[in-house]
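What follows is a set of notes on a single structure, which appears directly below.
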Amino acid sequence: MRVLLTGHQGYLGTVMAPVLAAAGHEVVGLDAGLFADCVLGPPPADPPGHQVDLRDVTAEHVAGVDAVIHLAALSNDPLGSLAPDLTYDINHHASVRLARLARDAGVRRFLYASTCSVYGAAGGDGLVGEEAPLRPVTPYAESKVRVEDDLHALADGDFSPVFMRNATAFGYSPRLRADIVLNNLVGHALLSGEVRVLSDGTPWRPLAHAADIARAFAAALTAPREAVHDRAFNIGSEINNVTVAEIAEQVAEAVPGSQVVTTGENGADPRSYRVDFSRFRTAVPGFDCEWTVKQGALELADAYRKHGLTREDFERRFTRLAVLRAASDAGTVDDTLRRRR
């Protein structure tokens, strides 16, 4: 297929592009380029693509495309809480506009990167499946719910949206993110000797390696239409349903000499959920995640050492909020987070 991959210069997109290419697809990227320079290690070989803000996409960008994989977004809770109006403008309205343009252009499959955060404060001890009530507690998660609803309304006999509710990503990517839980804890362990847990450590988190998420999208891209059409799928593995305290212990084992310090300064986190990932395995036989949290922690520690991660880079270049604040201070983006020409 000829696949338009939005967010191809992001954390997940940089891992996903070569997975799609290796499967034989022609990948065309689309990215605003805000995080293109957030590279740890050798620069990645990006596919050809368009440097354009998601809000400025036109019919030309989706012409001749067989499928769209839509990753581009303001991609975490602190960003969403800082600028909720921009989060809804970019993550919700621009995403639905892209889907309409794709449908009108004859695109047949639209894979949407949603999140398990839509379950929010699920509570209870049971596993949360796709039919569970959605209880988003942040603008970021709320924007994902709104897009799912609007894409469902666009689904028809020719246009198949698929909602990929990813677990929290982890693992090395050439375009690193340090503001997601496992990546962050491993970095702090190496740089300070402490695995610092700011909550009480009890919330449950479902995690998935970036490479496993990429493989899942590649599998969904070619799955039979009847198996995935207009359906939501949790993407991850039950083995990686872990508490924040358990994540911290895995990090301490991966970084010898580090120790867990639980401060509890942020109190109890309302986001706590354990997730059932069986629906996708049933829909796409043969797929399963390959990476455990422990393996990911070891991989990250090795990559951080190999590529000489510094504290300044960790806190400034690989934290999304810090990158955007620096760009705003430098005048390279305007108040709407559009890049200045």
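Each chain of the structure tokens is named A, B, ... in the order shown, its residues numbered from 1; ligands are numbered from 1 in display order.
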
List every residue of segment 163-207 of chain A that has an atom at most 7 Å from any atom of segment 110-118 of chain A, and for each one report the closest atom pair and its distance in Å to one decimal, counting only C-alpha atoms, with rows sorted by chain and then by increasing residue number, as a Markdown table.
```
| residue | atom | partner | partner_atom | distance |
| --- | --- | --- | --- | --- |
| A:Phe163 | CA | A:Tyr112 | CA | 5.1 |
| A:Met164 | CA | A:Ala113 | CA | 5.2 |
| A:Arg165 | CA | A:Thr115 | CA | 4.0 |
| A:Asn166 | CA | A:Thr115 | CA | 4.6 |
| A:Ala167 | CA | A:Cys116 | CA | 5.3 |
```

Please produce a file of those selected residues containing C-alpha atoms, as a CSV table (one decimal), in the first residue's frame.
```
chain,number,residue,atom,x,y,z
A,163,PHE,CA,-9.2,2.8,16.7
A,164,MET,CA,-5.9,1.6,18.1
A,165,ARG,CA,-5.9,2.3,21.9
A,166,ASN,CA,-2.2,2.1,22.7
A,167,ALA,CA,-0.9,1.3,26.1
```

Per residue of segment 92-150 of chain A within 8 Å of segment 54-70 of chain A, which atom pair is closest and at what distance in Å (one decimal), using only C-alpha atoms, listed by chain and increasing number, as a Markdown table?
```
| residue | atom | partner | partner_atom | distance |
| --- | --- | --- | --- | --- |
| A:Ala94 | CA | A:Arg55 | CA | 5.1 |
| A:Ser95 | CA | A:Leu54 | CA | 7.6 |
| A:Leu98 | CA | A:Val57 | CA | 6.9 |
| A:Leu101 | CA | A:Ala59 | CA | 5.8 |
| A:Ala102 | CA | A:Val62 | CA | 5.8 |
| A:Ala105 | CA | A:Ala63 | CA | 6.0 |
| A:Gly106 | CA | A:Asp66 | CA | 7.5 |
| A:Val107 | CA | A:Asp66 | CA | 5.0 |
| A:Arg108 | CA | A:Ala67 | CA | 6.0 |
| A:Arg109 | CA | A:Ala67 | CA | 4.9 |
| A:Phe110 | CA | A:Val68 | CA | 4.8 |
| A:Leu111 | CA | A:Ile69 | CA | 4.8 |
| A:Tyr112 | CA | A:His70 | CA | 5.1 |
| A:Ala113 | CA | A:His70 | CA | 6.0 |
```

I need the chosen residues saved as a compact mmCIF listing (two decimals), in the first residue's frame, with N, CA and C atoms.
```txt
# COMPACT_ATOMS: atom_id res chain seq x y z
N ALA A 94 -8.56 18.89 13.88
CA ALA A 94 -7.68 18.65 12.72
C ALA A 94 -7.64 17.17 12.35
N SER A 95 -7.76 16.30 13.33
CA SER A 95 -7.76 14.86 13.05
C SER A 95 -9.01 14.45 12.27
N LEU A 98 -8.75 15.70 8.73
CA LEU A 98 -7.88 14.82 7.96
C LEU A 98 -8.64 13.58 7.51
N LEU A 101 -11.00 14.39 4.64
CA LEU A 101 -10.25 14.55 3.39
C LEU A 101 -9.82 13.18 2.84
N ALA A 102 -9.38 12.30 3.74
CA ALA A 102 -8.95 10.97 3.32
C ALA A 102 -10.11 10.18 2.74
N ALA A 105 -10.98 11.35 -0.63
CA ALA A 105 -9.94 11.03 -1.62
C ALA A 105 -9.91 9.55 -1.97
N GLY A 106 -10.76 8.75 -1.34
CA GLY A 106 -10.81 7.33 -1.65
C GLY A 106 -9.93 6.46 -0.79
N VAL A 107 -9.38 7.02 0.31
CA VAL A 107 -8.61 6.20 1.25
C VAL A 107 -9.55 5.19 1.90
N ARG A 108 -9.12 3.96 1.96
CA ARG A 108 -10.03 2.90 2.41
C ARG A 108 -9.82 2.54 3.90
N ARG A 109 -8.62 2.71 4.41
CA ARG A 109 -8.37 2.34 5.81
C ARG A 109 -7.67 3.49 6.53
N PHE A 110 -8.16 3.80 7.73
CA PHE A 110 -7.66 4.92 8.51
C PHE A 110 -7.38 4.41 9.92
N LEU A 111 -6.12 4.18 10.23
CA LEU A 111 -5.73 3.70 11.56
C LEU A 111 -5.45 4.89 12.46
N TYR A 112 -6.21 4.99 13.52
CA TYR A 112 -6.12 6.14 14.42
C TYR A 112 -5.44 5.75 15.72
N ALA A 113 -4.40 6.49 16.08
CA ALA A 113 -3.68 6.23 17.33
C ALA A 113 -4.43 6.86 18.49
```

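Relative to atom CA of Arg274 of chain A, atom CA of Val128 of chain A is found at 6.0 Å.
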
Using DSSP secondary structure from the backbone, list all helix (DSSP H, G or I) positions within segment 29-189 of chain A, as an MDAnalysis selection string. chainID A and resid 54:56 59:62 77:82 84:104 116:119 139:154 181:189

Residue nearest Leu321 of chain A among A:Asp179, A:Glu265, A:Glu253, A:Asp288 (counting only C-alpha atoms): A:Asp179

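Per DSSP on the backbone, strand (DSSP E) in segment 38-181 of chain A comprises Gly49, His50, Gln51, Ala67, Val68, Ile69, His70, Arg109, Phe110, Leu111, Tyr112, Ala113, Ser114, Thr115, Leu127, Val128, Ser160, Pro161, Val162, Phe163, Met164, Arg165, Asn166, Thr168, Ala169 and Phe170 of chain A.
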
Using the selection just defined, write its residues with N, CA and C atoms as an mmCIF file, in the first residue's frame.
```
data_model
loop_
_atom_site.group_PDB
_atom_site.id
_atom_site.type_symbol
_atom_site.label_atom_id
_atom_site.label_comp_id
_atom_site.auth_asym_id
_atom_site.auth_seq_id
_atom_site.Cartn_x
_atom_site.Cartn_y
_atom_site.Cartn_z
ATOM 1 N N GLY A 49 8.473 13.005 2.677
ATOM 2 C CA GLY A 49 7.244 13.444 3.315
ATOM 3 C C GLY A 49 6.976 14.916 3.177
ATOM 4 N N HIS A 50 5.872 15.332 3.791
ATOM 5 C CA HIS A 50 5.423 16.713 3.778
ATOM 6 C C HIS A 50 5.694 17.329 5.147
ATOM 7 N N GLN A 51 6.312 18.511 5.164
ATOM 8 C CA GLN A 51 6.423 19.251 6.423
ATOM 9 C C GLN A 51 5.274 20.247 6.468
ATOM 10 N N ALA A 67 -3.965 4.166 2.427
ATOM 11 C CA ALA A 67 -4.288 4.089 3.851
ATOM 12 C C ALA A 67 -3.587 5.222 4.583
ATOM 13 N N VAL A 68 -4.175 5.618 5.694
ATOM 14 C CA VAL A 68 -3.576 6.630 6.571
ATOM 15 C C VAL A 68 -3.349 6.013 7.934
ATOM 16 N N ILE A 69 -2.151 6.214 8.482
ATOM 17 C CA ILE A 69 -1.870 5.915 9.882
ATOM 18 C C ILE A 69 -1.661 7.252 10.564
ATOM 19 N N HIS A 70 -2.557 7.577 11.468
ATOM 20 C CA HIS A 70 -2.574 8.922 12.043
ATOM 21 C C HIS A 70 -2.048 8.899 13.481
ATOM 22 N N ARG A 109 -8.619 2.710 4.411
ATOM 23 C CA ARG A 109 -8.369 2.342 5.815
ATOM 24 C C ARG A 109 -7.674 3.489 6.529
ATOM 25 N N PHE A 110 -8.165 3.796 7.728
ATOM 26 C CA PHE A 110 -7.660 4.918 8.510
ATOM 27 C C PHE A 110 -7.383 4.406 9.923
ATOM 28 N N LEU A 111 -6.116 4.185 10.229
ATOM 29 C CA LEU A 111 -5.726 3.698 11.556
ATOM 30 C C LEU A 111 -5.449 4.889 12.459
ATOM 31 N N TYR A 112 -6.214 4.989 13.522
ATOM 32 C CA TYR A 112 -6.118 6.142 14.420
ATOM 33 C C TYR A 112 -5.443 5.750 15.724
ATOM 34 N N ALA A 113 -4.398 6.485 16.082
ATOM 35 C CA ALA A 113 -3.675 6.233 17.327
ATOM 36 C C ALA A 113 -4.429 6.861 18.487
ATOM 37 N N SER A 114 -5.239 6.055 19.147
ATOM 38 C CA SER A 114 -5.924 6.482 20.354
ATOM 39 C C SER A 114 -5.072 6.048 21.558
ATOM 40 N N THR A 115 -5.672 5.869 22.706
ATOM 41 C CA THR A 115 -4.897 5.594 23.914
ATOM 42 C C THR A 115 -5.738 4.858 24.950
ATOM 43 N N LEU A 127 -9.911 -6.602 34.492
ATOM 44 C CA LEU A 127 -9.298 -6.085 33.283
ATOM 45 C C LEU A 127 -10.317 -5.275 32.490
ATOM 46 N N VAL A 128 -9.870 -4.155 31.955
ATOM 47 C CA VAL A 128 -10.750 -3.264 31.217
ATOM 48 C C VAL A 128 -10.705 -3.630 29.736
ATOM 49 N N SER A 160 -12.883 2.657 6.259
ATOM 50 C CA SER A 160 -12.788 1.875 7.492
ATOM 51 C C SER A 160 -11.859 2.531 8.504
ATOM 52 N N PRO A 161 -12.404 3.223 9.490
ATOM 53 C CA PRO A 161 -11.551 3.679 10.591
ATOM 54 C C PRO A 161 -11.315 2.539 11.579
ATOM 55 N N VAL A 162 -10.130 2.529 12.175
ATOM 56 C CA VAL A 162 -9.770 1.529 13.191
ATOM 57 C C VAL A 162 -9.157 2.298 14.353
ATOM 58 N N PHE A 163 -9.601 2.036 15.559
ATOM 59 C CA PHE A 163 -9.178 2.802 16.725
ATOM 60 C C PHE A 163 -8.190 1.978 17.539
ATOM 61 N N MET A 164 -6.929 2.367 17.489
ATOM 62 C CA MET A 164 -5.852 1.630 18.148
ATOM 63 C C MET A 164 -5.559 2.308 19.489
ATOM 64 N N ARG A 165 -6.110 1.740 20.543
ATOM 65 C CA ARG A 165 -5.938 2.319 21.878
ATOM 66 C C ARG A 165 -4.640 1.799 22.492
ATOM 67 N N ASN A 166 -3.576 2.533 22.238
ATOM 68 C CA ASN A 166 -2.248 2.094 22.662
ATOM 69 C C ASN A 166 -2.071 2.209 24.167
ATOM 70 N N THR A 168 0.590 2.825 27.302
ATOM 71 C CA THR A 168 1.663 3.814 27.413
ATOM 72 C C THR A 168 2.943 3.242 26.806
ATOM 73 N N ALA A 169 3.498 3.983 25.861
ATOM 74 C CA ALA A 169 4.663 3.484 25.129
ATOM 75 C C ALA A 169 5.925 3.547 25.985
ATOM 76 N N PHE A 170 6.870 2.676 25.640
ATOM 77 C CA PHE A 170 8.206 2.733 26.241
ATOM 78 C C PHE A 170 9.201 2.213 25.223
#
```

A:Ala141, A:Glu131, A:Cys38, A:Leu190: which is nearest Tyr88 of chain A, counting only C-alpha atoms?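 The answer is A:Ala141, which sits nearest to Tyr88 of chain A.
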
Contacts of Ala252 of chain A at 8 Å (only C-alpha atoms; same-chain gap of 5+ positions) as a ChimeraX atom specification: /A:189,195,257-260

Could those residues be written to a file, using N, CA and C atoms, as an mmCIF file, in the first residue's frame?
```
data_model
loop_
_atom_site.group_PDB
_atom_site.id
_atom_site.type_symbol
_atom_site.label_atom_id
_atom_site.label_comp_id
_atom_site.auth_asym_id
_atom_site.auth_seq_id
_atom_site.Cartn_x
_atom_site.Cartn_y
_atom_site.Cartn_z
ATOM 1 N N ALA A 189 17.334 7.233 36.868
ATOM 2 C CA ALA A 189 18.156 6.244 37.571
ATOM 3 C C ALA A 189 19.619 6.350 37.150
ATOM 4 N N VAL A 195 15.488 6.196 41.439
ATOM 5 C CA VAL A 195 14.267 5.941 40.674
ATOM 6 C C VAL A 195 13.163 6.629 41.456
ATOM 7 N N GLY A 257 22.973 -0.172 41.166
ATOM 8 C CA GLY A 257 23.411 0.941 41.996
ATOM 9 C C GLY A 257 22.346 1.993 42.232
ATOM 10 N N SER A 258 21.255 1.919 41.494
ATOM 11 C CA SER A 258 20.175 2.884 41.709
ATOM 12 C C SER A 258 19.217 2.349 42.764
ATOM 13 N N GLN A 259 18.433 3.250 43.363
ATOM 14 C CA GLN A 259 17.480 2.829 44.379
ATOM 15 C C GLN A 259 16.163 3.574 44.192
ATOM 16 N N VAL A 260 15.092 2.899 44.578
ATOM 17 C CA VAL A 260 13.764 3.476 44.455
ATOM 18 C C VAL A 260 13.522 4.440 45.610
#
```

Restricting the calculation to only C-alpha atoms: of A:Ala132, A:Val27, A:Ile247, A:Ala21, which residue gets closest to Tyr273 of chain A? A:Ala132

Minimum-distance residue to Ala178 of chain A, chosen among A:Thr319, A:Ser75, A:Asn234, A:Thr6 (using only C-alpha atoms): A:Thr319

Which of these residues is nearest to Ala73 of chain A, using only C-alpha atoms: A:Gly24, A:Tyr140, A:Arg175, A:Glu130? A:Tyr140
